[in-house]
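Here's upload11.cif, which has mmCIF, C-alpha atoms and all ligand atoms:
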data_structure
#
loop_
_atom_site.group_PDB
_atom_site.id
_atom_site.type_symbol
_atom_site.label_atom_id
_atom_site.label_comp_id
_atom_site.auth_asym_id
_atom_site.auth_seq_id
_atom_site.Cartn_x
_atom_site.Cartn_y
_atom_site.Cartn_z
ATOM 1 C CA MET A 23 91.095 195.120 35.555
ATOM 2 C CA GLY A 24 91.538 198.814 36.305
ATOM 3 C CA PHE A 25 88.136 199.380 34.769
ATOM 4 C CA PHE A 26 86.435 197.030 37.185
ATOM 5 C CA ARG A 27 88.260 198.325 40.229
ATOM 6 C CA ARG A 28 87.036 201.810 39.545
ATOM 7 C CA PHE A 29 83.561 200.706 40.535
ATOM 8 C CA ILE A 30 84.407 198.635 43.556
ATOM 9 C CA GLY A 31 87.388 200.601 44.858
ATOM 10 C CA ARG A 32 87.134 203.504 47.249
ATOM 11 C CA HIS A 33 88.619 206.860 46.366
ATOM 12 C CA ASP A 34 92.040 206.699 47.861
ATOM 13 C CA ASP A 35 94.905 208.826 46.645
ATOM 14 C CA SER A 36 97.493 206.512 48.135
ATOM 15 C CA SER A 37 96.374 203.682 45.864
ATOM 16 C CA ASP A 38 98.033 203.462 42.476
ATOM 17 C CA ASN A 39 95.493 201.078 41.010
ATOM 18 C CA HIS A 40 93.433 203.555 39.080
ATOM 19 C CA ASP A 41 95.395 206.701 39.589
ATOM 20 C CA SER A 42 95.290 208.606 36.314
ATOM 21 C CA SER A 43 98.655 210.202 37.098
ATOM 22 C CA VAL A 44 100.327 206.782 36.768
ATOM 23 C CA ASN A 45 101.253 205.468 33.349
ATOM 24 C CA PRO A 46 100.352 201.763 33.160
ATOM 25 C CA SER A 47 103.032 201.374 30.476
ATOM 26 C CA ARG A 48 106.051 202.338 32.590
ATOM 27 C CA THR A 49 109.228 200.701 31.359
ATOM 28 C CA GLU A 50 112.506 199.688 32.908
ATOM 29 C CA SER A 51 113.966 203.027 31.799
ATOM 30 C CA LEU A 52 111.967 204.733 34.546
ATOM 31 C CA PHE A 53 114.328 206.724 36.781
ATOM 32 C CA ALA A 54 117.338 205.944 34.578
ATOM 33 C CA LEU A 55 119.567 208.940 33.934
ATOM 34 C CA THR A 56 120.045 210.502 30.535
ATOM 35 C CA LYS A 57 123.574 211.447 29.545
ATOM 36 C CA GLU A 58 122.755 215.033 30.595
ATOM 37 C CA GLY A 59 121.925 213.734 34.081
ATOM 38 C CA TYR A 60 118.148 214.148 33.905
ATOM 39 C CA VAL A 61 115.946 211.540 35.561
ATOM 40 C CA ILE A 62 113.691 209.781 33.090
ATOM 41 C CA ALA A 63 110.025 210.238 34.032
ATOM 42 C CA GLU A 64 107.237 208.314 32.375
ATOM 43 C CA ASP A 65 104.254 209.983 34.026
ATOM 44 C CA ILE A 66 103.407 212.640 36.601
ATOM 45 C CA ALA A 67 103.141 210.445 39.682
ATOM 46 C CA CYS A 68 106.599 208.918 39.327
ATOM 47 C CA GLN A 69 108.231 212.343 39.709
ATOM 48 C CA TYR A 70 106.715 212.752 43.156
ATOM 49 C CA GLU A 71 107.537 209.133 44.007
ATOM 50 C CA PHE A 72 111.145 209.821 43.093
ATOM 51 C CA ALA A 73 111.278 213.022 45.154
ATOM 52 C CA GLU A 74 109.914 211.110 48.149
ATOM 53 C CA THR A 75 112.677 208.552 48.058
ATOM 54 C CA GLU A 76 115.555 210.740 46.918
ATOM 55 C CA PRO A 77 117.745 211.901 49.830
ATOM 56 C CA CYS A 78 118.813 215.518 50.297
ATOM 57 C CA PRO A 79 122.123 216.080 48.445
ATOM 58 C CA HIS A 80 123.421 218.048 51.441
ATOM 59 C CA CYS A 81 122.534 215.878 54.439
ATOM 60 C CA ASP A 82 120.654 212.784 53.154
ATOM 61 C CA GLY A 83 117.480 213.981 54.871
ATOM 62 C CA PRO A 84 114.017 213.495 53.338
ATOM 63 C CA LEU A 85 112.801 215.986 50.746
ATOM 64 C CA LYS A 86 109.543 217.849 50.403
ATOM 65 C CA VAL A 87 108.374 219.166 47.020
ATOM 66 C CA LEU A 88 107.917 222.946 47.072
ATOM 67 C CA ALA A 89 107.188 223.752 43.463
ATOM 68 C CA GLN A 90 107.053 222.394 39.976
ATOM 69 C CA ILE A 91 108.651 224.294 37.129
ATOM 70 C CA ASN A 92 107.299 223.422 33.730
ATOM 71 C CA ARG A 93 110.141 223.340 31.222
ATOM 72 C CA ALA A 94 108.158 221.529 28.543
ATOM 73 C CA SER A 95 109.786 223.504 25.744
ATOM 74 C CA GLN A 96 113.031 221.828 26.794
ATOM 75 C CA GLY A 97 111.373 218.432 27.278
ATOM 76 C CA LEU A 98 111.969 218.802 31.001
ATOM 77 C CA ASN A 99 110.082 219.172 34.234
ATOM 78 C CA GLU A 100 111.742 220.431 37.383
ATOM 79 C CA LEU A 101 110.706 219.771 40.969
ATOM 80 C CA VAL A 102 112.079 222.216 43.504
ATOM 81 C CA CYS A 103 112.436 220.524 46.873
ATOM 82 C CA ALA A 104 113.356 221.541 50.383
ATOM 83 C CA CYS A 105 114.994 219.224 52.847
ATOM 84 C CA ARG A 106 112.849 218.444 55.889
ATOM 85 C CA GLN A 107 116.005 218.104 57.935
ATOM 86 C CA CYS A 108 118.428 220.887 56.947
ATOM 87 C CA GLY A 109 115.976 223.091 55.040
ATOM 88 C CA ARG A 110 118.229 223.573 52.023
ATOM 89 C CA ARG A 111 116.774 223.589 48.553
ATOM 90 C CA SER A 112 117.568 221.301 45.697
ATOM 91 C CA SER A 113 116.068 220.625 42.293
ATOM 92 C CA ILE A 114 115.376 217.361 40.588
ATOM 93 C CA ILE A 115 115.159 217.674 36.826
ATOM 94 C CA PHE A 116 113.128 215.086 34.960
ATOM 95 C CA ASP A 117 113.263 214.221 31.306
ATOM 96 C CA VAL A 118 109.778 214.185 29.782
ATOM 97 C CA SER A 119 110.921 214.142 26.148
ATOM 98 C CA ASN A 120 110.896 210.347 25.980
ATOM 99 C CA ASN A 121 108.207 208.643 23.917
ATOM 100 C CA VAL A 122 106.746 206.703 26.848
ATOM 101 C CA TYR A 123 105.910 209.954 28.628
ATOM 102 C CA GLN A 124 104.775 211.796 25.506
ATOM 103 C CA ASP A 125 102.548 208.945 24.294
ATOM 104 C CA TRP A 126 100.975 208.719 27.735
ATOM 105 C CA MET A 127 100.474 212.471 27.899
ATOM 106 C CA ALA A 128 98.876 212.473 24.442
ATOM 107 C CA GLU A 129 96.476 209.789 25.605
ATOM 108 C CA GLN A 130 95.627 211.710 28.782
ATOM 109 C CA LEU A 131 95.011 215.005 27.012
ATOM 110 C CA GLY A 132 93.454 213.896 23.737
ATOM 111 C CA ASP A 133 92.793 216.969 21.597
ATOM 112 C CA LEU A 134 94.439 219.226 24.159
ATOM 113 C CA TYR A 135 97.807 217.604 23.676
ATOM 114 C CA ILE A 136 100.526 219.809 22.205
ATOM 115 C CA ARG A 137 104.028 218.537 21.837
ATOM 116 C CA ASN A 138 106.131 221.416 23.136
ATOM 117 C CA TYR A 139 109.539 219.962 22.568
ATOM 118 C CA ASP A 140 110.847 219.505 19.031
ATOM 119 C CA GLY A 141 114.131 217.792 19.726
ATOM 120 C CA PRO A 142 114.796 214.077 19.606
ATOM 121 C CA PRO A 143 113.656 212.134 22.680
ATOM 122 C CA ARG A 144 116.417 211.666 25.249
ATOM 123 C CA ARG A 145 117.444 208.153 26.062
ATOM 124 C CA PRO A 146 118.914 206.470 29.127
ATOM 125 C CA SER A 147 122.691 206.674 29.042
ATOM 126 C CA ARG A 148 124.614 203.437 28.916
ATOM 127 C CA ARG A 149 127.485 202.940 31.247
HETATM 128 ZN ZN ZN B 201 119.262 218.267 53.940
#

Write-out of the structure in structure tokens:
Amino acid sequence: MGFFRRFIGRHDDSSDNHDSSVNPSRTESLFALTKEGYVIAEDIACQYEFAETEPCPHCDGPLKVLAQINRASQGLNELVCACRQCGRRSSIIFDVSNNVYQDWMAEQLGDLYIRNYDGPPRRPSRR
């Protein structure tokens, strides 16, 4: 399906259909919190999707991503955001140690893939 659309579809970054930053194997754990309070990410695109919908912790305004901090050695990725309303900064920390993300990343990178994080994959916390 995605294969066919690549030929008939126009290049359009707003379309998720054949966006290589989206993992087609996302699970229901996406955006669940680990017990440490990290947001479970299963690909690159979802982290920006989350930042777009997450309200500012100070005023509930919309956020804009300023920078990405690669914390792969900790199995984490951090997005530094600024509020479009009050201008204050906040960080959203994503867990990328989970197998869904790592398997997807390995597939994306092929021979370039290096697993940077040695610890056990984090899991969604149960309440
Ligand atoms: Zn704000």

Proximity of chain A to ligand ZN 201 (chain B): per-residue shortest pair, 7 Å limit, all atoms listed in the file, as a tab-separated table:
residue	atom	partner	partner_atom	distance
A:Cys78	CA	B:ZN201	ZN	4.6
A:Pro79	CA	B:ZN201	ZN	6.6
A:His80	CA	B:ZN201	ZN	4.9
A:Cys81	CA	B:ZN201	ZN	4.1
A:Asp82	CA	B:ZN201	ZN	5.7
A:Gly83	CA	B:ZN201	ZN	4.7
A:Cys105	CA	B:ZN201	ZN	4.5
A:Arg106	CA	B:ZN201	ZN	6.7
A:Gln107	CA	B:ZN201	ZN	5.2
A:Cys108	CA	B:ZN201	ZN	4.1
A:Gly109	CA	B:ZN201	ZN	5.9
A:Arg110	CA	B:ZN201	ZN	5.7

Please determine an axis-aligned box that encloses all atoms of region 102-113 of chain A listed in the file, with 6 Å added on each side, and express its centre and edge lengths in Å to one decimal as AutoDock Vina command-line options.
--center_x 115.3 --center_y 220.8 --center_z 50.1 --size_x 18.3 --size_y 17.5 --size_z 27.6

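One distance worth recording is that between CA of Ala89 (chain A) and CA of Cys103 (chain A), which is 7.0 Å.
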
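Between CA of Trp126 (chain A) and CA of Leu88 (chain A) the separation is 25.0 Å.
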
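Counting only C-alpha atoms, the residue from A:Ala63, A:Glu76, A:Pro84, A:Gly141 that sits nearest to Thr49 (chain A) is A:Ala63.
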
Nearest to Ser51 (chain A) among A:Arg145, A:Arg93, A:Lys86, A:Arg137, with distances taken over only C-alpha atoms: which residue is it?
A:Arg145

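Comparing A:Ile91, A:Leu85, A:Ile62, A:Ala104 by their smallest distance to Gln124 (chain A), the closest is A:Ile62 (using all atoms listed in the file).
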
Give as a count of residues only the residues that the PyMOL selection byres (((chain A and resi 99) around 9) and not hetatm) matches when applied to the coordinates above.
17

Could you state the separation of CA of Ser43 (chain A) and CA of Ala67 (chain A) in Å, given to one decimal place?
5.2 Å

If we count all atoms listed in the file and set the cut-off at 10 Å, which residues sit around Pro146 (chain A), ignoring sequence neighbours fewer than 3 positions away in its own chain? Please answer as a PyMOL selection string.
chain A and resi 51-62+117+120+149

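Counting all atoms listed in the file, the residue from A:Val122, A:Ile136, A:Leu131, A:Cys68 that sits nearest to Ser95 (chain A) is A:Ile136.
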
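The smallest atom-to-atom distance between Arg144 (chain A) and any of A:Asn121, A:Ala128, A:Ser112, A:Ala73, using all atoms listed in the file, is found for A:Asn121.
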
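Residue nearest Asn138 (chain A), chosen from A:Val44, A:Glu71, A:Asp125, A:Ser119 and counting only C-alpha atoms: A:Ser119.
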